[in-house]
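Chemist: Below: one structure in structure tokens.
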Amino acid sequence: MEEDRYAYDVDYAAVTVPVERYNREFRDAERFLECCRNCGNYGKNWACPPHVFDVERYVTAYRNASLIAVRITPRRKDLGIEEASELLRRERQKLEQRLLRLERETGGRMFGFSGRCYYCGEEECARIQGNPCRHPELVRPSLEACGYNLALTAEKLLGMEMKWGSDGRLPEYLVLVGGVFHDKEEDIWAE
Ligand code: SF4
């Protein structure tokens, strides 16, 4: 049987740190908001800035930041950067379900992933027409869109160095970083 062109291997790393430390050492809101302003998704979906909620309250409302990184290593070495979106979509959707469940269980707030929002399929995001999100119960901002340095988070807290592609080729692997802020003291990753 032919192997799925988009087959990949995954490994995970997770950690919990105090939100106060995470904000102090890993957040630079001005710098990363400027990156968002230069992105084609800026203002084009409800997960991206400019946010219509109070970001400072969102990132200071809880005591603990439980963060997770997923390393996605394609089995095929000849995939182009354009094809990376399919790999990312598959793993991202699984991780979003897990984080949304942890958000419900902890009573906290989830941070998702930047880029395109998949919840409306091929339909244009309602934000383009100035309408409210069709799935506010599912859509969350990314850590990056709230000013966090994901490369630093991945490397220093989760032990995964981020890599970037070049010449139209994927890097050796891709890394997604998300999380949940909450007030639980127990290890929420111990499932
Ligand atoms: S769920 Fe739909 S309306 Fe909401 S941000 Fe995503 S694409 Fe836009």
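All residue names refer to the structure tokens as shown: chains lettered A, B, ... in order, residues numbered from 1 in each chain, ligands numbered from 1 in order.
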Please report as a tab-separated table every residue of chain A lying within 12 Å of ligand 1, along with the nearest atom pair and their distance in Å (one decimal), using only C-alpha atoms and all ligand atoms.
Modeler:
residue	atom	partner	partner_atom_place_in_ligand_line	distance
A:Asn41	CA	ligand 1	5 (S)	10.7
A:Tyr42	CA	ligand 1	5 (S)	11.7
A:Gly43	CA	ligand 1	5 (S)	10.0
A:Lys44	CA	ligand 1	8 (Fe)	7.7
A:Asn45	CA	ligand 1	5 (S)	4.5
A:Trp46	CA	ligand 1	5 (S)	4.0
A:Ala47	CA	ligand 1	5 (S)	5.7
A:Cys48	CA	ligand 1	5 (S)	8.2
A:Pro49	CA	ligand 1	5 (S)	11.2
A:His51	CA	ligand 1	5 (S)	11.4
A:Gly112	CA	ligand 1	6 (Fe)	11.8
A:Phe113	CA	ligand 1	6 (Fe)	11.6
A:Ser114	CA	ligand 1	5 (S)	11.2
A:Gly115	CA	ligand 1	6 (Fe)	10.4
A:Arg116	CA	ligand 1	7 (S)	7.7
A:Cys117	CA	ligand 1	6 (Fe)	4.5
A:Tyr118	CA	ligand 1	7 (S)	6.1
A:Tyr119	CA	ligand 1	1 (S)	4.5
A:Cys120	CA	ligand 1	2 (Fe)	4.3
A:Gly121	CA	ligand 1	7 (S)	7.3
A:Glu122	CA	ligand 1	7 (S)	8.6
A:Glu123	CA	ligand 1	7 (S)	7.2
A:Glu124	CA	ligand 1	7 (S)	6.4
A:Cys125	CA	ligand 1	8 (Fe)	3.6
A:Ala126	CA	ligand 1	3 (S)	4.3
A:Arg127	CA	ligand 1	8 (Fe)	5.9
A:Ile128	CA	ligand 1	8 (Fe)	8.2
A:Gln129	CA	ligand 1	3 (S)	9.8
A:Gly130	CA	ligand 1	3 (S)	9.9
A:Asn131	CA	ligand 1	3 (S)	7.8
A:Pro132	CA	ligand 1	3 (S)	6.6
A:Cys133	CA	ligand 1	4 (Fe)	3.7
A:Arg134	CA	ligand 1	3 (S)	4.5
A:His135	CA	ligand 1	1 (S)	4.5
A:Pro136	CA	ligand 1	4 (Fe)	6.3
A:Glu137	CA	ligand 1	1 (S)	8.9
A:Leu138	CA	ligand 1	1 (S)	7.2
A:Val139	CA	ligand 1	1 (S)	6.0
A:Arg140	CA	ligand 1	5 (S)	8.6
A:Pro141	CA	ligand 1	5 (S)	9.6
Chemist: Next, the residues of the selection above should be written as a CSV table (one decimal), in the first residue's frame with C-alpha atoms.
Modeler:
chain,number,residue,atom,x,y,z
A,41,ASN,CA,-3.7,37.2,8.3
A,42,TYR,CA,-3.7,40.4,10.3
A,43,GLY,CA,-7.3,41.4,10.9
A,44,LYS,CA,-8.5,38.7,8.5
A,45,ASN,CA,-9.7,36.1,11.1
A,46,TRP,CA,-11.0,36.3,14.7
A,47,ALA,CA,-7.9,34.5,16.1
A,48,CYS,CA,-5.6,37.2,14.9
A,49,PRO,CA,-4.9,40.8,16.0
A,51,HIS,CA,-8.0,41.6,19.1
A,112,GLY,CA,-4.2,28.2,19.9
A,113,PHE,CA,-2.1,28.6,16.8
A,114,SER,CA,-1.4,31.4,14.4
A,115,GLY,CA,-2.2,31.3,10.7
A,116,ARG,CA,-5.3,30.3,8.9
A,117,CYS,CA,-8.4,29.4,10.9
A,118,TYR,CA,-9.9,26.1,9.7
A,119,TYR,CA,-13.2,26.0,11.5
A,120,CYS,CA,-15.2,27.4,8.6
A,121,GLY,CA,-13.7,25.1,6.0
A,122,GLU,CA,-13.4,26.8,2.6
A,123,GLU,CA,-15.9,29.5,3.6
A,124,GLU,CA,-14.4,33.0,3.9
A,125,CYS,CA,-13.9,34.2,7.5
A,126,ALA,CA,-16.9,36.2,8.8
A,127,ARG,CA,-14.5,38.9,9.9
A,128,ILE,CA,-13.8,39.9,6.3
A,129,GLN,CA,-17.4,41.1,6.1
A,130,GLY,CA,-17.2,42.6,9.6
A,131,ASN,CA,-19.4,39.9,11.1
A,132,PRO,CA,-18.9,38.0,14.4
A,133,CYS,CA,-17.1,34.7,14.5
A,134,ARG,CA,-19.3,31.7,13.6
A,135,HIS,CA,-17.5,29.5,16.2
A,136,PRO,CA,-16.4,31.6,19.2
A,137,GLU,CA,-16.6,28.5,21.4
A,138,LEU,CA,-13.7,27.1,19.3
A,139,VAL,CA,-11.5,29.9,18.2
A,140,ARG,CA,-8.7,31.2,20.4
A,141,PRO,CA,-5.7,33.5,19.9
Chemist: Give me, as a list in words, the residues of region 70-163 of chain A that a backbone DSSP run labels strand (DSSP E or B).
Modeler: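 Matching residues, listed in order: Val70, Arg71, Ile72, Thr73, Pro74, Gly80, Arg109, Met110, Phe111, Gly112, Ser142 and Tyr148 of chain A.
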Chemist: Which residue gives the smallest distance to Glu172 (chain A) among A:Arg63, A:Arg76, A:Arg37, A:Arg89, with only C-alpha atoms counted?
Modeler: A:Arg76
Chemist: When you draw a straight line from CA of Tyr22 (chain A) to CA of Glu96 (chain A), how long is it in Å?
Modeler: 21.1 Å
Chemist: Enumerate, as a ChimeraX atom specification, the complete set of residues in chain A that a backbone-based DSSP assignment places in alpha helix (DSSP H).
Modeler: /A:19-26,29-37,55-58,84-106,150-152
Chemist: I'd like the neighbourhood of Tyr148 (chain A) as a list in words, where a residue qualifies if any of its atoms comes within 10 Å (using only C-alpha atoms), though same-chain residues fewer than 4 positions away should be ignored.
Modeler: Tyr22, Asn23, Glu25, Phe26, Arg27, Asp28, Ala29, Arg31, Phe32, Leu33, Ser142, Leu143, Glu144, Leu152 and Thr153 of chain A
Chemist: Restricting it to N, CA, C and O atoms, dump the selection as a PDB file, in the first residue's frame.
Modeler:
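Below is the file that was written, again-v1.pdb:
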ATOM      1  N   TYR A  22       6.448  33.710  33.010  1.00  0.00           N
ATOM      2  CA  TYR A  22       6.310  33.584  31.548  1.00  0.00           C
ATOM      3  C   TYR A  22       6.136  34.970  30.908  1.00  0.00           C
ATOM      4  O   TYR A  22       6.740  35.269  29.883  1.00  0.00           O
ATOM      5  N   ASN A  23       5.323  35.806  31.568  1.00  0.00           N
ATOM      6  CA  ASN A  23       5.121  37.155  31.026  1.00  0.00           C
ATOM      7  C   ASN A  23       6.404  37.987  31.096  1.00  0.00           C
ATOM      8  O   ASN A  23       6.716  38.749  30.179  1.00  0.00           O
ATOM      9  N   GLU A  25       9.643  36.918  31.185  1.00  0.00           N
ATOM     10  CA  GLU A  25      10.811  36.451  30.434  1.00  0.00           C
ATOM     11  C   GLU A  25      10.539  36.109  28.964  1.00  0.00           C
ATOM     12  O   GLU A  25      11.467  36.038  28.170  1.00  0.00           O
ATOM     13  N   PHE A  26       9.270  35.906  28.616  1.00  0.00           N
ATOM     14  CA  PHE A  26       8.993  35.377  27.269  1.00  0.00           C
ATOM     15  C   PHE A  26       7.995  36.217  26.475  1.00  0.00           C
ATOM     16  O   PHE A  26       7.571  35.811  25.419  1.00  0.00           O
ATOM     17  N   ARG A  27       7.630  37.401  27.007  1.00  0.00           N
ATOM     18  CA  ARG A  27       6.627  38.205  26.301  1.00  0.00           C
ATOM     19  C   ARG A  27       7.213  39.562  25.933  1.00  0.00           C
ATOM     20  O   ARG A  27       7.836  40.222  26.765  1.00  0.00           O
ATOM     21  N   ASP A  28       6.984  39.946  24.677  1.00  0.00           N
ATOM     22  CA  ASP A  28       7.382  41.266  24.191  1.00  0.00           C
ATOM     23  C   ASP A  28       6.268  41.704  23.245  1.00  0.00           C
ATOM     24  O   ASP A  28       6.331  41.496  22.033  1.00  0.00           O
ATOM     25  N   ALA A  29       5.224  42.266  23.837  1.00  0.00           N
ATOM     26  CA  ALA A  29       3.983  42.510  23.090  1.00  0.00           C
ATOM     27  C   ALA A  29       4.199  43.432  21.892  1.00  0.00           C
ATOM     28  O   ALA A  29       3.680  43.176  20.799  1.00  0.00           O
ATOM     29  N   ARG A  31       6.929  44.007  20.091  1.00  0.00           N
ATOM     30  CA  ARG A  31       7.708  43.358  19.023  1.00  0.00           C
ATOM     31  C   ARG A  31       6.832  42.387  18.224  1.00  0.00           C
ATOM     32  O   ARG A  31       6.848  42.384  16.998  1.00  0.00           O
ATOM     33  N   PHE A  32       6.073  41.560  18.934  1.00  0.00           N
ATOM     34  CA  PHE A  32       5.327  40.536  18.203  1.00  0.00           C
ATOM     35  C   PHE A  32       4.050  41.068  17.574  1.00  0.00           C
ATOM     36  O   PHE A  32       3.595  40.541  16.554  1.00  0.00           O
ATOM     37  N   LEU A  33       3.502  42.151  18.137  1.00  0.00           N
ATOM     38  CA  LEU A  33       2.360  42.781  17.473  1.00  0.00           C
ATOM     39  C   LEU A  33       2.807  43.374  16.132  1.00  0.00           C
ATOM     40  O   LEU A  33       2.090  43.302  15.137  1.00  0.00           O
ATOM     41  N   SER A 142      -3.497  32.834  19.302  1.00  0.00           N
ATOM     42  CA  SER A 142      -2.245  32.106  19.536  1.00  0.00           C
ATOM     43  C   SER A 142      -1.441  32.831  20.615  1.00  0.00           C
ATOM     44  O   SER A 142      -1.689  34.008  20.922  1.00  0.00           O
ATOM     45  N   LEU A 143      -0.460  32.137  21.182  1.00  0.00           N
ATOM     46  CA  LEU A 143       0.457  32.782  22.122  1.00  0.00           C
ATOM     47  C   LEU A 143       1.190  33.934  21.436  1.00  0.00           C
ATOM     48  O   LEU A 143       1.352  35.013  21.997  1.00  0.00           O
ATOM     49  N   GLU A 144       1.611  33.688  20.216  1.00  0.00           N
ATOM     50  CA  GLU A 144       2.351  34.695  19.453  1.00  0.00           C
ATOM     51  C   GLU A 144       1.520  35.962  19.268  1.00  0.00           C
ATOM     52  O   GLU A 144       2.006  37.086  19.406  1.00  0.00           O
ATOM     53  N   LEU A 152      11.663  31.216  21.570  1.00  0.00           N
ATOM     54  CA  LEU A 152      12.306  31.179  22.893  1.00  0.00           C
ATOM     55  C   LEU A 152      11.582  30.195  23.814  1.00  0.00           C
ATOM     56  O   LEU A 152      12.214  29.436  24.554  1.00  0.00           O
ATOM     57  N   THR A 153      10.252  30.201  23.753  1.00  0.00           N
ATOM     58  CA  THR A 153       9.457  29.271  24.563  1.00  0.00           C
ATOM     59  C   THR A 153       9.820  27.832  24.215  1.00  0.00           C
ATOM     60  O   THR A 153      10.061  26.998  25.095  1.00  0.00           O
TER      61      THR A 153
END
Chemist: Extract, using only C-alpha atoms, all DNA, RNA and protein residues at most 12 Å from Pro18 (chain A), discarding same-chain residues fewer than 4 positions from it, and format them as a PyMOL selection string.
Modeler: chain A and resi 22-26+59-67+157+180-185
Chemist: Okay, now the selection with N, CA, C and O atoms, as a PDB file, in the first residue's frame?
Modeler:
ATOM      1  N   TYR A  22       6.448  33.710  33.010  1.00  0.00           N
ATOM      2  CA  TYR A  22       6.310  33.584  31.548  1.00  0.00           C
ATOM      3  C   TYR A  22       6.136  34.970  30.908  1.00  0.00           C
ATOM      4  O   TYR A  22       6.740  35.269  29.883  1.00  0.00           O
ATOM      5  N   ASN A  23       5.323  35.806  31.568  1.00  0.00           N
ATOM      6  CA  ASN A  23       5.121  37.155  31.026  1.00  0.00           C
ATOM      7  C   ASN A  23       6.404  37.987  31.096  1.00  0.00           C
ATOM      8  O   ASN A  23       6.716  38.749  30.179  1.00  0.00           O
ATOM      9  N   ARG A  24       7.151  37.825  32.158  1.00  0.00           N
ATOM     10  CA  ARG A  24       8.363  38.629  32.350  1.00  0.00           C
ATOM     11  C   ARG A  24       9.480  38.213  31.389  1.00  0.00           C
ATOM     12  O   ARG A  24      10.162  39.056  30.805  1.00  0.00           O
ATOM     13  N   GLU A  25       9.643  36.918  31.185  1.00  0.00           N
ATOM     14  CA  GLU A  25      10.811  36.451  30.434  1.00  0.00           C
ATOM     15  C   GLU A  25      10.539  36.109  28.964  1.00  0.00           C
ATOM     16  O   GLU A  25      11.467  36.038  28.170  1.00  0.00           O
ATOM     17  N   PHE A  26       9.270  35.906  28.616  1.00  0.00           N
ATOM     18  CA  PHE A  26       8.993  35.377  27.269  1.00  0.00           C
ATOM     19  C   PHE A  26       7.995  36.217  26.475  1.00  0.00           C
ATOM     20  O   PHE A  26       7.571  35.811  25.419  1.00  0.00           O
ATOM     21  N   VAL A  59      -3.958  37.699  29.539  1.00  0.00           N
ATOM     22  CA  VAL A  59      -2.665  37.075  29.851  1.00  0.00           C
ATOM     23  C   VAL A  59      -2.249  37.240  31.318  1.00  0.00           C
ATOM     24  O   VAL A  59      -1.152  36.829  31.690  1.00  0.00           O
ATOM     25  N   THR A  60      -3.102  37.837  32.115  1.00  0.00           N
ATOM     26  CA  THR A  60      -2.735  37.997  33.529  1.00  0.00           C
ATOM     27  C   THR A  60      -3.807  37.444  34.474  1.00  0.00           C
ATOM     28  O   THR A  60      -3.706  37.607  35.681  1.00  0.00           O
ATOM     29  N   ALA A  61      -4.822  36.806  33.923  1.00  0.00           N
ATOM     30  CA  ALA A  61      -5.965  36.391  34.744  1.00  0.00           C
ATOM     31  C   ALA A  61      -5.710  35.107  35.540  1.00  0.00           C
ATOM     32  O   ALA A  61      -6.481  34.793  36.444  1.00  0.00           O
ATOM     33  N   TYR A  62      -4.632  34.372  35.224  1.00  0.00           N
ATOM     34  CA  TYR A  62      -4.406  33.061  35.858  1.00  0.00           C
ATOM     35  C   TYR A  62      -2.982  32.958  36.401  1.00  0.00           C
ATOM     36  O   TYR A  62      -2.110  33.722  36.009  1.00  0.00           O
ATOM     37  N   ARG A  63      -2.759  31.981  37.273  1.00  0.00           N
ATOM     38  CA  ARG A  63      -1.452  31.832  37.934  1.00  0.00           C
ATOM     39  C   ARG A  63      -0.457  31.014  37.126  1.00  0.00           C
ATOM     40  O   ARG A  63       0.735  31.278  37.145  1.00  0.00           O
ATOM     41  N   ASN A  64      -0.953  29.994  36.436  1.00  0.00           N
ATOM     42  CA  ASN A  64      -0.023  29.050  35.795  1.00  0.00           C
ATOM     43  C   ASN A  64      -0.201  28.985  34.279  1.00  0.00           C
ATOM     44  O   ASN A  64      -1.328  29.045  33.773  1.00  0.00           O
ATOM     45  N   ALA A  65       0.932  28.844  33.595  1.00  0.00           N
ATOM     46  CA  ALA A  65       0.932  28.687  32.132  1.00  0.00           C
ATOM     47  C   ALA A  65       1.397  27.274  31.817  1.00  0.00           C
ATOM     48  O   ALA A  65       2.561  26.932  32.062  1.00  0.00           O
ATOM     49  N   SER A  66       0.487  26.442  31.335  1.00  0.00           N
ATOM     50  CA  SER A  66       0.859  25.089  30.901  1.00  0.00           C
ATOM     51  C   SER A  66       1.048  25.128  29.395  1.00  0.00           C
ATOM     52  O   SER A  66       0.116  25.431  28.648  1.00  0.00           O
ATOM     53  N   LEU A  67       2.275  24.837  28.972  1.00  0.00           N
ATOM     54  CA  LEU A  67       2.661  25.014  27.568  1.00  0.00           C
ATOM     55  C   LEU A  67       3.023  23.676  26.952  1.00  0.00           C
ATOM     56  O   LEU A  67       3.592  22.809  27.631  1.00  0.00           O
ATOM     57  N   LEU A 157      12.038  26.529  27.286  1.00  0.00           N
ATOM     58  CA  LEU A 157      11.133  25.871  28.229  1.00  0.00           C
ATOM     59  C   LEU A 157      10.780  24.445  27.815  1.00  0.00           C
ATOM     60  O   LEU A 157      10.443  23.619  28.653  1.00  0.00           O
ATOM     61  N   VAL A 180      -2.421  26.446  27.825  1.00  0.00           N
ATOM     62  CA  VAL A 180      -3.597  26.828  28.619  1.00  0.00           C
ATOM     63  C   VAL A 180      -3.092  27.555  29.859  1.00  0.00           C
ATOM     64  O   VAL A 180      -2.172  27.066  30.524  1.00  0.00           O
ATOM     65  N   PHE A 181      -3.676  28.701  30.165  1.00  0.00           N
ATOM     66  CA  PHE A 181      -3.403  29.393  31.427  1.00  0.00           C
ATOM     67  C   PHE A 181      -4.533  29.039  32.380  1.00  0.00           C
ATOM     68  O   PHE A 181      -5.705  29.041  31.988  1.00  0.00           O
ATOM     69  N   HIS A 182      -4.190  28.786  33.655  1.00  0.00           N
ATOM     70  CA  HIS A 182      -5.205  28.294  34.594  1.00  0.00           C
ATOM     71  C   HIS A 182      -4.710  28.478  36.026  1.00  0.00           C
ATOM     72  O   HIS A 182      -3.551  28.874  36.252  1.00  0.00           O
ATOM     73  N   ASP A 183      -5.568  28.120  36.975  1.00  0.00           N
ATOM     74  CA  ASP A 183      -5.200  28.252  38.393  1.00  0.00           C
ATOM     75  C   ASP A 183      -4.974  26.910  39.074  1.00  0.00           C
ATOM     76  O   ASP A 183      -4.802  26.868  40.294  1.00  0.00           O
ATOM     77  N   LYS A 184      -5.003  25.814  38.337  1.00  0.00           N
ATOM     78  CA  LYS A 184      -4.816  24.496  38.956  1.00  0.00           C
ATOM     79  C   LYS A 184      -3.371  24.345  39.438  1.00  0.00           C
ATOM     80  O   LYS A 184      -2.446  24.821  38.773  1.00  0.00           O
ATOM     81  N   GLU A 185      -3.193  23.638  40.544  1.00  0.00           N
ATOM     82  CA  GLU A 185      -1.830  23.395  41.024  1.00  0.00           C
ATOM     83  C   GLU A 185      -1.322  22.027  40.588  1.00  0.00           C
ATOM     84  O   GLU A 185      -0.121  21.791  40.553  1.00  0.00           O
TER      85      GLU A 185
END
Chemist: Set the distance at 10 Å and use only C-alpha atoms: which residues neighbour Arg75 (chain A) once local chain neighbours fewer than 3 positions away are removed? I'd like the list as a compact mmCIF listing (two decimals) with N, CA, C and O atoms, in the first residue's frame.
Modeler:
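What follows is the written file around_31.txt:
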# COMPACT_ATOMS: atom_id res chain seq x y z
N GLU A 3 2.38 4.73 0.87
CA GLU A 3 2.37 5.52 2.12
C GLU A 3 1.75 6.88 1.87
O GLU A 3 1.93 7.48 0.81
N ASP A 4 0.95 7.35 2.85
CA ASP A 4 0.36 8.68 2.80
C ASP A 4 1.46 9.71 2.55
O ASP A 4 2.45 9.75 3.29
N ARG A 5 1.28 10.53 1.52
CA ARG A 5 2.30 11.53 1.20
C ARG A 5 2.59 12.44 2.39
O ARG A 5 3.69 12.94 2.55
N TYR A 6 1.55 12.63 3.21
CA TYR A 6 1.71 13.56 4.34
C TYR A 6 1.98 12.84 5.66
O TYR A 6 1.77 13.39 6.73
N ALA A 7 2.41 11.58 5.60
CA ALA A 7 2.70 10.85 6.84
C ALA A 7 3.81 11.56 7.63
O ALA A 7 4.74 12.14 7.05
N TYR A 8 3.68 11.54 8.93
CA TYR A 8 4.68 12.21 9.77
C TYR A 8 4.77 11.53 11.12
O TYR A 8 3.91 10.75 11.51
N ASP A 9 5.84 11.83 11.85
CA ASP A 9 6.01 11.37 13.23
C ASP A 9 5.89 12.58 14.13
O ASP A 9 6.23 13.70 13.73
N ILE A 72 6.71 17.99 14.55
CA ILE A 72 6.11 17.22 13.45
C ILE A 72 7.20 16.96 12.42
O ILE A 72 7.70 17.90 11.79
N ASP A 78 10.92 15.33 0.68
CA ASP A 78 10.83 16.18 -0.51
C ASP A 78 9.58 17.06 -0.50
O ASP A 78 9.16 17.56 -1.53
N LEU A 79 8.95 17.22 0.67
CA LEU A 79 7.76 18.07 0.72
C LEU A 79 8.15 19.54 0.64
O LEU A 79 9.13 19.97 1.25
N GLU A 172 13.76 20.29 8.61
CA GLU A 172 13.74 18.88 9.02
C GLU A 172 12.46 18.54 9.78
O GLU A 172 11.91 17.45 9.67
N TYR A 173 11.96 19.49 10.56
CA TYR A 173 10.70 19.30 11.29
C TYR A 173 10.03 20.64 11.53
O TYR A 173 10.65 21.70 11.38
Chemist: Let me make sure I understand: among A:Lys156, A:Asp167, A:Ile188, A:Leu176, which one has the smallest atom-to-atom distance to Ile81 (chain A) if we use only C-alpha atoms?
Modeler: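 Of A:Lys156, A:Asp167, A:Ile188, A:Leu176, the one nearest Ile81 (chain A) is A:Asp167, counting only C-alpha atoms.
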